[in-house]
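Below is the file target.txt, which contains compact mmCIF, C-alpha atoms.
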```
# COMPACT_ATOMS: atom_id res chain seq x y z
CA MET A 30 0.00 0.00 0.00
CA PHE A 31 1.44 3.35 -1.08
CA VAL A 32 0.33 6.46 0.81
CA HIS A 33 1.84 9.96 0.76
CA CYS A 34 2.34 10.13 4.55
CA PHE A 35 1.49 7.94 7.51
CA PHE A 36 1.23 7.48 11.24
CA PRO A 37 2.35 8.41 13.80
CA GLU A 38 3.20 11.92 12.53
CA HIS A 39 0.29 12.11 10.07
CA PHE A 40 -3.17 10.88 10.97
CA TYR A 41 -5.83 12.59 8.84
CA GLY A 42 -8.39 10.99 6.53
CA THR A 43 -6.34 9.22 3.86
CA GLU A 44 -3.75 8.05 6.37
CA ALA A 45 -6.51 6.72 8.67
CA TYR A 46 -8.17 4.92 5.75
CA THR A 47 -4.86 3.30 4.82
CA PHE A 48 -4.16 2.28 8.41
CA GLU A 49 -7.60 0.76 9.04
CA LEU A 50 -7.52 -1.10 5.75
CA ALA A 51 -4.02 -2.46 6.43
CA ARG A 52 -4.96 -3.51 9.96
CA ASN A 53 -8.08 -5.37 8.79
CA LEU A 54 -6.21 -7.06 5.95
CA GLN A 55 -3.71 -8.34 8.49
CA LYS A 56 -6.50 -9.69 10.69
CA LEU A 57 -7.83 -11.55 7.65
CA ASN A 58 -4.40 -13.17 7.14
CA HIS A 59 -3.13 -11.02 4.27
CA ASP A 60 0.45 -9.72 4.24
CA VAL A 61 0.57 -5.93 4.09
CA VAL A 62 3.43 -3.47 3.80
CA VAL A 63 2.82 0.29 3.81
CA VAL A 64 5.20 2.43 1.75
CA THR A 65 5.10 6.11 2.67
CA SER A 66 7.30 9.20 2.51
CA THR A 67 8.35 12.30 4.36
CA PHE A 68 7.41 15.66 2.92
CA ILE A 69 10.25 17.86 1.78
CA GLY A 70 11.46 19.79 4.82
CA GLU A 71 10.33 17.20 7.35
CA ALA A 72 12.90 15.55 9.57
CA SER A 73 14.02 12.12 8.39
CA GLY A 74 15.92 9.28 9.94
CA GLY A 75 18.94 9.91 7.74
CA ASP A 76 18.47 6.80 5.61
CA LEU A 77 16.99 6.83 2.15
CA ILE A 78 14.47 4.27 3.39
CA SER A 79 13.68 3.93 7.08
CA ARG A 80 11.82 0.89 8.35
CA TYR A 81 9.53 0.80 11.35
CA THR A 82 6.39 -0.90 12.62
CA TYR A 83 3.24 0.96 13.57
CA GLU A 84 0.76 -1.09 15.61
CA GLY A 85 1.97 -4.27 13.96
CA ILE A 86 2.02 -2.89 10.40
CA PRO A 87 5.43 -2.88 8.68
CA VAL A 88 6.18 0.53 7.18
CA LEU A 89 8.84 1.62 4.69
CA ARG A 90 9.34 5.40 4.67
CA ILE A 91 11.18 7.13 1.84
CA ASP A 92 13.08 10.30 2.67
CA GLY A 93 11.36 12.84 0.43
CA ASN A 94 14.16 15.34 1.04
CA ARG A 95 16.33 13.28 -1.31
CA PHE A 96 14.03 14.17 -4.20
CA PRO A 97 13.74 17.98 -4.31
CA GLN A 98 11.05 19.68 -6.37
CA HIS A 99 12.63 22.33 -8.58
CA ARG A 100 9.58 22.89 -10.76
CA VAL A 101 5.88 22.04 -10.93
CA ARG A 102 6.52 18.91 -13.00
CA ASP A 103 8.46 17.44 -10.08
CA THR A 104 5.28 17.50 -7.97
CA TYR A 105 3.54 15.00 -10.23
CA LEU A 106 6.39 13.12 -11.97
CA GLN A 107 9.72 12.21 -10.38
CA PRO A 108 11.74 9.91 -12.67
CA GLY A 109 14.46 9.86 -10.01
CA LEU A 110 12.15 7.70 -7.89
CA THR A 111 11.64 4.95 -10.46
CA SER A 112 14.72 2.89 -9.63
CA LEU A 113 13.86 3.07 -5.93
CA PHE A 114 10.27 1.94 -6.55
CA GLU A 115 11.50 -0.88 -8.75
CA LYS A 116 13.93 -2.05 -6.07
CA LEU A 117 11.22 -1.97 -3.39
CA LEU A 118 8.67 -3.84 -5.47
CA LEU A 119 11.13 -6.50 -6.60
CA GLU A 120 12.10 -6.96 -2.95
CA GLN A 121 8.50 -7.24 -1.72
CA GLN A 122 7.09 -9.23 -4.67
CA PRO A 123 3.51 -8.06 -4.07
CA ASP A 124 0.51 -9.76 -5.67
CA LEU A 125 -1.09 -6.33 -5.88
CA VAL A 126 -0.30 -2.67 -5.25
CA HIS A 127 -2.94 -0.48 -3.63
CA ILE A 128 -2.30 3.28 -3.88
CA THR A 129 -4.17 5.64 -1.57
CA HIS A 130 -2.35 8.84 -2.55
CA LEU A 131 0.29 9.80 -5.12
CA ILE A 132 1.59 13.00 -3.54
CA ASN A 133 5.29 12.46 -2.75
CA HIS A 134 5.34 9.24 -4.80
CA THR A 135 4.06 10.95 -7.99
CA ALA A 136 2.92 9.24 -11.18
CA SER A 137 6.38 7.71 -11.57
CA LEU A 138 5.09 4.95 -9.28
CA LEU A 139 2.48 4.06 -11.90
CA ASP A 140 5.18 3.85 -14.56
CA VAL A 141 7.04 1.25 -12.49
CA VAL A 142 3.95 -0.75 -11.54
CA ASN A 143 2.94 -0.88 -15.19
CA ARG A 144 6.42 -1.91 -16.35
CA LEU A 145 6.59 -4.71 -13.76
CA ARG A 146 3.04 -5.80 -14.65
CA ILE A 147 1.80 -5.71 -11.06
CA PRO A 148 -1.99 -5.34 -10.75
CA ALA A 149 -2.80 -1.95 -9.24
CA VAL A 150 -5.81 -0.44 -7.48
CA PHE A 151 -6.11 3.24 -6.55
CA THR A 152 -8.44 4.69 -3.93
CA LEU A 153 -9.07 8.29 -4.98
CA THR A 154 -9.64 10.55 -1.98
CA ASP A 155 -9.28 13.98 -3.58
CA PHE A 156 -8.73 15.66 -6.96
CA PHE A 157 -4.98 15.17 -7.36
CA GLY A 158 -5.47 13.52 -10.76
CA ILE A 159 -7.41 16.51 -12.08
CA CYS A 160 -6.42 19.60 -10.15
CA TYR A 161 -3.05 21.18 -9.34
CA THR A 162 -4.23 22.25 -5.85
CA ASN A 163 -6.18 18.99 -5.25
CA LYS A 164 -9.24 21.04 -4.20
CA LEU A 165 -11.03 21.73 -7.52
CA GLU A 166 -11.59 25.30 -6.38
CA ASP A 167 -10.77 28.14 -8.73
CA ALA A 168 -8.59 31.14 -7.91
CA GLY A 169 -11.64 33.23 -7.11
CA GLY A 170 -12.82 30.73 -4.50
CA GLU A 171 -15.61 29.22 -6.60
CA LEU A 172 -16.01 25.53 -7.37
CA CYS A 173 -14.09 24.55 -10.50
CA GLN A 174 -15.11 22.26 -13.34
CA GLY A 175 -11.52 21.22 -14.06
CA PRO A 176 -8.66 22.49 -16.24
CA ASP A 177 -9.64 24.62 -19.22
CA VAL A 178 -8.14 23.99 -22.66
CA MET A 179 -5.08 26.21 -22.17
CA ARG A 180 -4.84 25.53 -18.40
CA THR A 181 -5.14 29.25 -17.73
CA ASN A 182 -7.27 28.56 -14.68
CA CYS A 183 -4.56 26.20 -13.36
CA LEU A 184 -1.97 28.95 -13.75
CA ALA A 185 -4.27 31.36 -11.91
CA CYS A 186 -4.56 28.91 -9.01
CA TYR A 187 -0.79 28.48 -8.93
CA LEU A 188 -0.22 32.25 -8.83
CA ARG A 189 -2.82 32.78 -6.12
CA ALA A 190 -1.43 29.96 -3.98
CA ARG A 191 2.14 31.25 -4.26
CA SER A 192 1.17 34.79 -3.42
CA MET A 193 -1.17 33.86 -0.57
CA ASN A 194 1.34 31.50 1.02
CA GLY A 195 4.35 33.74 0.54
CA SER A 196 6.22 35.03 3.53
CA SER A 197 6.11 38.58 2.18
CA ARG A 198 3.21 40.72 3.38
CA ILE A 199 3.48 42.77 0.19
CA LEU A 200 3.20 39.63 -1.94
CA ARG A 201 0.13 38.51 0.00
CA SER A 202 -1.46 41.91 -0.45
CA LEU A 203 -1.00 41.56 -4.21
CA ALA A 204 -2.64 38.11 -4.26
CA PRO A 205 -6.11 39.25 -5.46
CA ALA A 206 -4.58 40.96 -8.50
CA CYS A 207 -1.74 38.50 -9.11
CA TRP A 208 -3.84 35.56 -10.29
CA ARG A 209 -5.81 37.78 -12.67
CA MET A 210 -2.62 38.14 -14.71
CA ALA A 211 -2.82 34.44 -15.62
CA PRO A 212 -4.11 34.90 -19.21
CA PHE A 213 -1.31 37.35 -20.04
CA LEU A 214 1.38 35.24 -18.33
CA ASN A 215 0.08 32.10 -20.01
CA ARG A 216 0.50 33.65 -23.46
CA LEU A 217 3.87 35.10 -22.49
CA GLY A 218 5.16 31.77 -21.20
CA SER A 219 4.13 30.09 -24.45
CA LEU A 220 6.55 32.14 -26.53
CA SER A 221 9.37 30.01 -27.90
CA LEU A 222 11.96 32.48 -26.62
CA LEU A 223 10.77 31.93 -23.06
CA GLN A 224 10.22 28.17 -23.06
CA LYS A 225 13.40 27.50 -21.06
CA THR A 226 12.74 30.24 -18.53
CA PRO A 227 11.01 29.54 -15.20
CA LEU A 228 7.79 31.07 -16.58
CA GLY A 229 7.97 28.96 -19.73
CA GLN A 230 8.59 25.79 -17.71
CA LEU A 231 5.73 26.65 -15.36
CA VAL A 232 3.27 27.10 -18.22
CA ALA A 233 4.47 23.90 -19.91
CA ASP A 234 4.27 21.86 -16.70
CA LEU A 235 0.74 22.98 -15.87
CA ARG A 236 -0.42 22.32 -19.43
CA ALA A 237 1.10 18.84 -19.49
CA ARG A 238 -0.17 17.74 -16.08
CA PRO A 239 -3.78 16.60 -16.82
CA ALA A 240 -2.93 14.52 -19.89
CA LEU A 241 0.16 12.98 -18.30
CA LEU A 242 -1.77 11.90 -15.20
CA ALA A 243 -4.69 10.61 -17.26
CA LYS A 244 -2.26 8.43 -19.22
CA ARG A 245 -0.69 7.03 -16.03
CA TYR A 246 -4.09 6.40 -14.44
CA SER A 247 -4.97 4.26 -17.45
CA TYR A 248 -2.34 1.78 -16.20
CA LEU A 249 -4.61 0.94 -13.22
CA GLN A 250 -6.90 -2.07 -13.16
CA MET A 251 -9.51 -0.52 -10.86
CA VAL A 252 -10.30 2.74 -9.09
CA ILE A 253 -12.20 2.97 -5.80
CA THR A 254 -13.95 6.15 -4.72
CA PRO A 255 -15.53 6.93 -1.33
CA THR A 256 -18.45 8.79 -2.96
CA ARG A 257 -20.47 8.52 -6.15
CA PHE A 258 -19.76 12.20 -6.64
CA LEU A 259 -15.97 11.73 -6.82
CA ARG A 260 -16.34 8.80 -9.20
CA ASN A 261 -18.52 10.90 -11.50
CA VAL A 262 -16.08 13.83 -11.44
CA TYR A 263 -13.17 11.63 -12.53
CA GLN A 264 -15.23 9.89 -15.17
CA ARG A 265 -16.33 13.23 -16.62
CA SER A 266 -12.66 14.20 -16.70
CA GLY A 267 -11.78 11.19 -18.83
CA LEU A 268 -10.99 8.38 -16.37
CA SER A 269 -10.81 5.33 -18.61
CA VAL A 270 -10.50 2.45 -16.13
CA PRO A 271 -13.31 0.71 -14.21
CA ALA A 272 -14.39 2.55 -11.06
CA GLN A 273 -16.54 1.58 -8.13
CA THR A 274 -17.83 3.40 -5.06
CA SER A 275 -17.17 2.01 -1.60
CA TRP A 276 -18.14 4.18 1.36
CA PHE A 277 -15.58 4.45 4.11
CA GLY A 278 -16.16 2.47 7.30
CA ILE A 279 -15.88 3.76 10.86
CA ASP A 280 -14.90 1.86 14.01
CA ILE A 281 -16.07 3.88 16.99
CA ASP A 282 -18.17 3.64 20.14
CA ARG A 283 -21.74 3.84 18.82
CA ALA A 284 -23.42 4.08 22.23
CA PRO A 285 -26.33 6.56 22.35
CA LYS A 286 -25.48 10.06 23.50
CA PRO A 287 -25.80 10.47 27.26
CA GLN A 288 -28.90 12.39 28.33
CA ARG A 289 -28.29 15.89 29.58
CA ALA A 290 -30.03 17.46 32.54
CA SER A 291 -30.55 20.60 30.46
CA PRO A 292 -30.34 21.09 26.68
CA LEU A 293 -28.42 24.32 27.31
CA PRO A 294 -25.91 25.49 26.49
CA LEU A 295 -26.20 24.33 22.88
CA ARG A 296 -22.78 22.87 22.07
CA ILE A 297 -21.71 23.51 18.49
CA GLY A 298 -18.48 21.92 17.32
CA TYR A 299 -15.96 21.83 14.51
CA ILE A 300 -13.17 19.25 14.17
CA GLY A 301 -10.46 19.52 11.53
CA GLN A 302 -7.88 21.76 9.96
CA LEU A 303 -8.10 25.48 10.68
CA ALA A 304 -7.73 26.49 7.05
CA SER A 305 -9.55 28.80 4.65
CA HIS A 306 -10.78 26.03 2.33
CA LYS A 307 -12.39 24.41 5.38
CA GLY A 308 -14.56 27.53 5.85
CA VAL A 309 -14.05 27.84 9.61
CA ASP A 310 -14.36 31.63 9.36
CA LEU A 311 -17.89 31.14 7.96
CA LEU A 312 -18.80 29.17 11.07
CA VAL A 313 -17.39 31.81 13.43
CA ARG A 314 -19.28 34.58 11.60
CA ALA A 315 -22.50 32.55 11.68
CA PHE A 316 -22.10 31.77 15.37
CA LYS A 317 -21.53 35.41 16.30
CA ALA A 318 -24.66 36.39 14.36
CA LEU A 319 -26.98 34.00 16.21
CA ARG A 320 -29.73 35.63 18.21
CA PRO A 321 -28.77 36.05 21.87
CA CYS A 322 -28.78 32.54 23.27
CA THR A 323 -26.97 30.14 25.51
CA ALA A 324 -24.59 28.46 23.10
CA GLU A 325 -20.91 27.74 22.79
CA LEU A 326 -18.62 26.96 19.87
CA ASN A 327 -15.66 24.62 20.23
CA LEU A 328 -13.10 24.60 17.43
CA TRP A 329 -10.87 21.51 17.47
CA GLY A 330 -7.82 21.94 15.26
CA PRO A 331 -4.11 22.84 15.22
CA LEU A 332 -3.33 26.53 15.61
CA ASP A 333 0.19 26.16 14.22
CA GLN A 334 -0.70 24.62 10.86
CA ASN A 335 -1.78 27.93 9.32
CA PRO A 336 -0.89 30.64 11.85
CA ILE A 337 -2.08 33.54 9.67
CA TYR A 338 -5.54 32.05 9.28
CA ALA A 339 -5.64 31.05 12.96
CA ARG A 340 -5.00 34.65 13.96
CA LEU A 341 -7.82 35.75 11.64
CA LEU A 342 -10.19 33.33 13.35
CA MET A 343 -9.17 34.60 16.77
CA ARG A 344 -9.91 38.17 15.72
CA LEU A 345 -13.29 37.13 14.33
CA ALA A 346 -14.13 35.20 17.50
CA ASP A 347 -13.16 38.03 19.87
CA GLY A 348 -15.90 38.64 22.42
CA ALA A 349 -17.88 35.48 21.60
CA SER A 350 -18.15 32.17 23.43
CA VAL A 351 -15.66 30.48 21.12
CA ARG A 352 -13.03 28.08 22.44
CA PHE A 353 -9.98 27.04 20.46
CA ALA A 354 -9.67 23.54 21.85
CA GLY A 355 -6.52 22.33 20.08
CA THR A 356 -6.12 18.77 18.87
CA PHE A 357 -6.77 15.36 20.37
CA PRO A 358 -5.63 11.80 19.59
CA PRO A 359 -7.93 9.85 17.24
CA ARG A 360 -8.88 7.41 20.03
CA ARG A 361 -10.73 10.26 21.77
CA MET A 362 -13.03 11.01 18.83
CA ALA A 363 -16.11 9.36 20.36
CA ALA A 364 -15.56 11.09 23.71
CA VAL A 365 -15.25 14.50 22.03
CA LEU A 366 -18.33 13.93 19.87
CA LYS A 367 -20.38 13.00 22.96
CA GLU A 368 -19.80 16.56 24.16
CA ILE A 369 -21.03 18.11 20.88
CA ASP A 370 -24.75 18.60 20.12
CA VAL A 371 -24.25 19.48 16.45
CA LEU A 372 -21.11 19.22 14.31
CA VAL A 373 -20.59 21.77 11.53
CA ILE A 374 -18.56 21.12 8.36
CA PRO A 375 -18.55 24.52 6.60
CA SER A 376 -16.09 23.69 3.81
CA ARG A 377 -15.72 25.89 0.78
CA TRP A 378 -14.24 23.07 -1.33
CA TYR A 379 -15.62 19.75 -2.52
CA GLU A 380 -15.25 17.58 0.56
CA ASN A 381 -15.27 13.83 -0.06
CA SER A 382 -16.74 11.74 2.71
CA PRO A 383 -14.62 13.23 5.53
CA LEU A 384 -14.11 10.69 8.31
CA VAL A 385 -15.02 13.25 10.96
CA MET A 386 -18.52 13.53 9.44
CA LEU A 387 -18.96 9.76 9.30
CA SER A 388 -17.70 9.50 12.89
CA ALA A 389 -20.23 12.13 13.98
CA LEU A 390 -23.08 10.28 12.29
CA ALA A 391 -21.93 6.99 13.82
CA CYS A 392 -21.91 8.67 17.26
CA HIS A 393 -25.45 9.97 16.73
CA THR A 394 -24.30 13.56 16.37
CA PRO A 395 -26.34 15.52 13.79
CA VAL A 396 -24.40 17.61 11.30
CA VAL A 397 -24.76 20.89 9.41
CA VAL A 398 -22.71 20.77 6.20
CA SER A 399 -21.98 22.83 3.11
CA ALA A 400 -24.22 21.86 0.22
CA VAL A 401 -21.54 20.13 -1.83
CA GLU A 402 -22.14 16.63 -3.15
CA GLY A 403 -19.29 14.94 -1.32
CA LEU A 404 -21.09 15.86 1.93
CA THR A 405 -24.79 15.87 1.05
CA GLU A 406 -24.52 12.29 -0.28
CA PHE A 407 -24.65 11.28 3.41
CA VAL A 408 -27.12 13.82 4.80
CA VAL A 409 -30.90 13.38 4.88
CA GLU A 410 -32.34 16.81 5.62
CA GLY A 411 -34.18 16.90 8.93
CA HIS A 412 -33.22 13.30 9.72
CA ASN A 413 -29.49 13.44 10.53
CA GLY A 414 -28.76 17.09 9.84
CA PHE A 415 -29.07 20.00 7.43
CA SER A 416 -27.09 21.66 4.66
CA PHE A 417 -26.47 25.30 3.86
CA ARG A 418 -25.48 27.13 0.70
CA ARG A 419 -21.73 26.81 0.23
CA GLY A 420 -19.87 29.93 1.36
CA ASP A 421 -23.04 31.60 2.74
CA TRP A 422 -22.48 32.24 6.44
CA ARG A 423 -25.92 33.85 6.78
CA HIS A 424 -27.61 30.68 5.58
CA LEU A 425 -25.42 28.70 7.97
CA ARG A 426 -26.60 31.00 10.76
CA ASP A 427 -30.22 30.30 9.77
CA GLN A 428 -29.65 26.55 9.94
CA LEU A 429 -27.99 26.83 13.35
CA GLU A 430 -30.92 29.00 14.49
CA ARG A 431 -33.12 25.91 14.14
CA PHE A 432 -31.28 24.36 17.08
CA VAL A 433 -31.41 27.62 19.05
CA VAL A 434 -35.16 28.09 18.59
CA ASP A 435 -35.99 24.43 19.29
CA SER A 436 -33.91 23.09 22.16
CA ASN A 437 -35.32 19.60 21.53
CA LEU A 438 -34.09 19.46 17.92
CA ALA A 439 -30.54 18.28 18.65
CA PRO A 440 -31.60 15.39 20.94
CA GLN A 441 -34.40 14.50 18.52
CA LEU A 442 -32.03 14.30 15.54
CA SER A 443 -29.52 12.39 17.65
CA ARG A 444 -32.03 9.55 17.91
CA THR A 445 -32.37 9.30 14.12
CA THR A 446 -28.71 9.86 13.26
CA SER A 447 -26.49 6.83 12.63
CA TYR A 448 -23.85 5.35 10.36
CA PRO A 449 -23.55 1.56 10.79
CA ARG A 450 -20.80 0.84 8.25
CA THR A 451 -17.56 -0.43 9.82
CA THR A 452 -14.01 -0.68 8.51
CA LEU A 453 -14.50 -4.45 8.20
CA ASP A 454 -17.41 -3.82 5.81
CA MET A 455 -15.15 -1.49 3.84
CA THR A 456 -12.29 -4.00 3.83
CA LYS A 457 -14.51 -6.80 2.52
CA ASP A 458 -15.45 -4.56 -0.41
CA VAL A 459 -11.77 -3.91 -1.10
CA ILE A 460 -10.83 -7.60 -0.91
CA ALA A 461 -13.55 -8.40 -3.44
CA THR A 462 -11.99 -5.75 -5.68
CA TYR A 463 -8.53 -7.29 -5.21
CA GLU A 464 -9.83 -10.73 -6.13
CA HIS A 465 -11.52 -9.41 -9.25
CA VAL A 466 -8.44 -7.46 -10.32
CA ILE A 467 -6.03 -10.33 -9.76
CA THR A 468 -8.31 -12.80 -11.55
CA THR A 469 -8.79 -10.61 -14.60
CA SER A 470 -5.09 -9.74 -14.68
CA LEU A 471 -4.20 -13.45 -14.83
CA ASP A 472 -6.85 -14.20 -17.44
CA PRO A 473 -6.35 -12.06 -20.59
CA PHE A 474 -9.75 -13.08 -21.99
CA ALA A 475 -11.52 -12.11 -18.78
CA GLN A 476 -9.62 -8.82 -18.73
CA GLU A 477 -10.66 -8.11 -22.29
CA GLN A 478 -14.30 -8.85 -21.46
CA SER A 479 -14.08 -6.66 -18.33
```
Written as structure tokens, that's how I'd like the structure from this file.
Amino acid sequence: MFVHCFFPEHFYGTEAYTFELARNLQKLNHDVVVVTSTFIGEASGGDLISRYTYEGIPVLRIDGNRFPQHRVRDTYLQPGLTSLFEKLLLEQQPDLVHITHLINHTASLLDVVNRLRIPAVFTLTDFFGICYTNKLEDAGGELCQGPDVMRTNCLACYLRARSMNGSSRILRSLAPACWRMAPFLNRLGSLSLLQKTPLGQLVADLRARPALLAKRYSYLQMVITPTRFLRNVYQRSGLSVPAQTSWFGIDIDRAPKPQRASPLPLRIGYIGQLASHKGVDLLVRAFKALRPCTAELNLWGPLDQNPIYARLLMRLADGASVRFAGTFPPRRMAAVLKEIDVLVIPSRWYENSPLVMLSALACHTPVVVSAVEGLTEFVVEGHNGFSFRRGDWRHLRDQLERFVVDSNLAPQLSRTTSYPRTTLDMTKDVIATYEHVITTSLDPFAQEQS
């Protein structure tokens, strides 16, 4: 199993999915090895490949610092990694490779898997194969339909990201105007005289990215998606291999919420990254605009991941009953959710079955989510939660007002909110996929018919 990063340092959605799947496969007597990487700039053990065991799972971790990224192309194709991948795969002799993210490994992994004729499955968890930023959100903050013909919108996203994340305050102040120069810079970078300049290479790399990744994805035997929405997006973008949807499973204490002596204060919660694309500022604005009531907002997330945005949130929250609660280990998820009456997921981008939402539903915690398909696929309005117009904090306020006006709404929805699917259910789906892929790979006629 190849994943971009892994426990114990990294423990978000894709890493958790990989871990749970690996652990269940082991319990079912399959041999599993996780291959991961450090991000450039992260501390490494000094070796090109460090080996360790995490809760019984053998892990091989590549030192990503050995493979610097000098240009955009290096973020999606690293030929320098191919000999290392080949050595690892020849050493392990896997019956099948399961990829759960290509960041850090890049599409060079697919080149090697294809050359060695190893059956490969890929669980898509975001838009890496389509979008430079992985979020499918355009530079203006609106939802994106994918790269345009000349990739001008991709260049705009690149410019905005570089300016917004720059250390220079002046550069950040120019961000709104910077990405609007994309059409001009795209034409300029296309000139033959500038093809070998950084601008020319940037334009060329962004233009080549979608087609190059689509070609490498065609080497796969099967794609798994956690939502129908994500499967449809990739298929509309030209995904040519078979794809199936398998909802994530959750292992958590599903005991009913403890009864409270009083429904007040209303406890509103958020769990996740404190980042702009997660829309946490929308939640803070909505909370502050609620009619005077007894309510509190707890924001669970790391303050040091995006300090500039965290400071913005603190300014917005000033004077309100908002608590920045920090982070907690994954094993405490059920305990934290028991202390939340309604969980809010206010994301601006296309979320895809976030595990925190599934955990909340499994713990009988109703949710209020942005009206994007990767979230609303799991929400039945008035049964386990509500949705609000993406990016509209006033509509979010109105939905939260429902719980303020009717103090019985949260406990009522708690009784009808559930998510029974476990990681074992998910793993059985994946094993069936493995068996199909291996069988058709061994039988050319069956593969042709498939």
Correct to one decimal, the distance atom CA of A:Arg245-atom CA of A:Leu139 is 6.0 Å
With 4 Å of padding per side, what axis-aligned box (centre and edge lengths, Å, one decimal) covers all the listed atoms of stretch 325-334 of chain A? Give it as AutoDock Vina command-line options.
```
--center_x -10.4 --center_y 24.6 --center_z 16.8 --size_x 29.1 --size_y 14.2 --size_z 19.9
```
Which distance in Å separates atom CA of A:Pro449 and atom CA of A:Val396, to one decimal?
->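 Those two atoms sit 16.1 Å apart.
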Residue nearest A:Glu166 among A:Val252, A:Arg314, A:Tyr379, A:Tyr81 (counting all atoms listed in the file) |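 Answer, going by the shortest atom-to-atom distance: A:Tyr379.
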Tell me which of A:Phe213, A:Phe432, A:Tyr338, A:Trp208 sits closest to A:Arg296, counting only C-alpha atoms.
->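 Checking each candidate against A:Arg296, we get A:Phe432 as the closest.
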Nearest to A:Pro123 among A:His393, A:Leu110, A:Asp427, A:Ile467, with distances taken over all atoms listed in the file: which residue is it?
->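 Comparing A:His393, A:Leu110, A:Asp427, A:Ile467 against A:Pro123, the winner is A:Ile467.
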Have a look at A:Gly301, A:Leu311, A:Pro321, A:Gly175 and name the one nearest to A:Gly267; count all atoms listed in the file.
->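 With all atoms listed in the file as the atom set, the closest residue is A:Gly175.
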Could you jot down the atom CA of A:Ala318 to atom CA of A:Ile374 separation for me, Å, one decimal place?
->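 Pair atom CA of A:Ala318 / atom CA of A:Ile374 returns 17.5 Å.
Near A:Gln288, within 12 Å and counting only C-alpha atoms, sit Lys367, Glu368, Asp370, Asn437, Ala439, Pro440, Gln441, Ser443 and Arg444 of chain A; same-chain residues fewer than 6 positions away were not included.
You can rank A:Trp378, A:Arg426, A:Asp76, A:Cys392 by their closest distance to A:Val313 using all atoms listed in the file, and at the top of that list sits A:Arg426.
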Residues at most 9 Å from A:Val373, counting only C-alpha atoms, excluding those fewer than 4 positions away in the same chain, as an MDAnalysis selection string?
-> chainID A and resid 297:300 312 386 395:399
Go through A:Val371, A:Leu172, A:Ala211, A:Leu453 and flag the residue nearest A:Ala185, using all atoms listed in the file for the distances.
->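 For A:Ala185, the nearest of the given residues is A:Ala211.
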Within 12 Å of A:Ser73, counting all atoms listed in the file, which residues qualify if same-chain residues fewer than 5 places away don't, as an mmCIF file with C-alpha atoms, keeping the file's coordinate frame?
```
data_model
loop_
_atom_site.group_PDB
_atom_site.id
_atom_site.type_symbol
_atom_site.label_atom_id
_atom_site.label_comp_id
_atom_site.auth_asym_id
_atom_site.auth_seq_id
_atom_site.Cartn_x
_atom_site.Cartn_y
_atom_site.Cartn_z
ATOM 1 C CA GLU A 38 3.200 11.920 12.530
ATOM 2 C CA SER A 66 7.300 9.200 2.510
ATOM 3 C CA THR A 67 8.350 12.300 4.360
ATOM 4 C CA PHE A 68 7.410 15.660 2.920
ATOM 5 C CA ILE A 78 14.470 4.270 3.390
ATOM 6 C CA SER A 79 13.680 3.930 7.080
ATOM 7 C CA ARG A 80 11.820 0.890 8.350
ATOM 8 C CA ARG A 90 9.340 5.400 4.670
ATOM 9 C CA ILE A 91 11.180 7.130 1.840
ATOM 10 C CA ASP A 92 13.080 10.300 2.670
ATOM 11 C CA GLY A 93 11.360 12.840 0.430
ATOM 12 C CA ASN A 94 14.160 15.340 1.040
ATOM 13 C CA ARG A 95 16.330 13.280 -1.310
#
```
Contacts of A:Phe258 at 7 Å (all atoms listed in the file; same-chain gap of 2+ positions) as a JSON list (two decimals) with C-alpha atoms, in the coordinates of the input:
```
[["chain", "number", "residue", "atom", "x", "y", "z"],
["A", 256, "THR", "CA", -18.45, 8.79, -2.96],
["A", 260, "ARG", "CA", -16.34, 8.80, -9.20],
["A", 261, "ASN", "CA", -18.52, 10.90, -11.50],
["A", 262, "VAL", "CA", -16.08, 13.83, -11.44],
["A", 402, "GLU", "CA", -22.14, 16.63, -3.15],
["A", 403, "GLY", "CA", -19.29, 14.94, -1.32]]
```
Neighbour list for A:Thr323 as an mmCIF file with C-alpha atoms, in the coordinates of the input, cut-off 8 Å, all atoms listed in the file, skip fewer than 4 positions in-chain:
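Heads up, here's the output in out19.cif:
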```
data_model
loop_
_atom_site.group_PDB
_atom_site.id
_atom_site.type_symbol
_atom_site.label_atom_id
_atom_site.label_comp_id
_atom_site.auth_asym_id
_atom_site.auth_seq_id
_atom_site.Cartn_x
_atom_site.Cartn_y
_atom_site.Cartn_z
ATOM 1 C CA LEU A 293 -28.420 24.320 27.310
ATOM 2 C CA PRO A 294 -25.910 25.490 26.490
ATOM 3 C CA LEU A 295 -26.200 24.330 22.880
#
```
Could you tell me, as a list in words, which residues have any atom at most 10 Å from (-7.0, 28.0, -15.7), counting only C-alpha atoms?
->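 The residues that fall inside the cut-off are Asp167, Ala168, Cys173, Gly175, Pro176, Asp177, Val178, Met179, Arg180, Thr181, Asn182, Cys183, Leu184, Ala185, Cys186, Tyr187, Trp208, Ala211, Pro212, Asn215, Leu235 and Arg236 of chain A.
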Produce stretch 262-273 of chain A of the given structure as output with C-alpha atoms, as an mmCIF file, in the first residue's frame.
```cif
data_model
loop_
_atom_site.group_PDB
_atom_site.id
_atom_site.type_symbol
_atom_site.label_atom_id
_atom_site.label_comp_id
_atom_site.auth_asym_id
_atom_site.auth_seq_id
_atom_site.Cartn_x
_atom_site.Cartn_y
_atom_site.Cartn_z
ATOM 1 C CA VAL A 262 -16.075 13.826 -11.442
ATOM 2 C CA TYR A 263 -13.174 11.628 -12.531
ATOM 3 C CA GLN A 264 -15.225 9.892 -15.172
ATOM 4 C CA ARG A 265 -16.327 13.233 -16.622
ATOM 5 C CA SER A 266 -12.657 14.198 -16.698
ATOM 6 C CA GLY A 267 -11.782 11.190 -18.834
ATOM 7 C CA LEU A 268 -10.985 8.382 -16.372
ATOM 8 C CA SER A 269 -10.806 5.330 -18.605
ATOM 9 C CA VAL A 270 -10.504 2.454 -16.129
ATOM 10 C CA PRO A 271 -13.313 0.705 -14.210
ATOM 11 C CA ALA A 272 -14.390 2.548 -11.062
ATOM 12 C CA GLN A 273 -16.543 1.578 -8.133
#
```
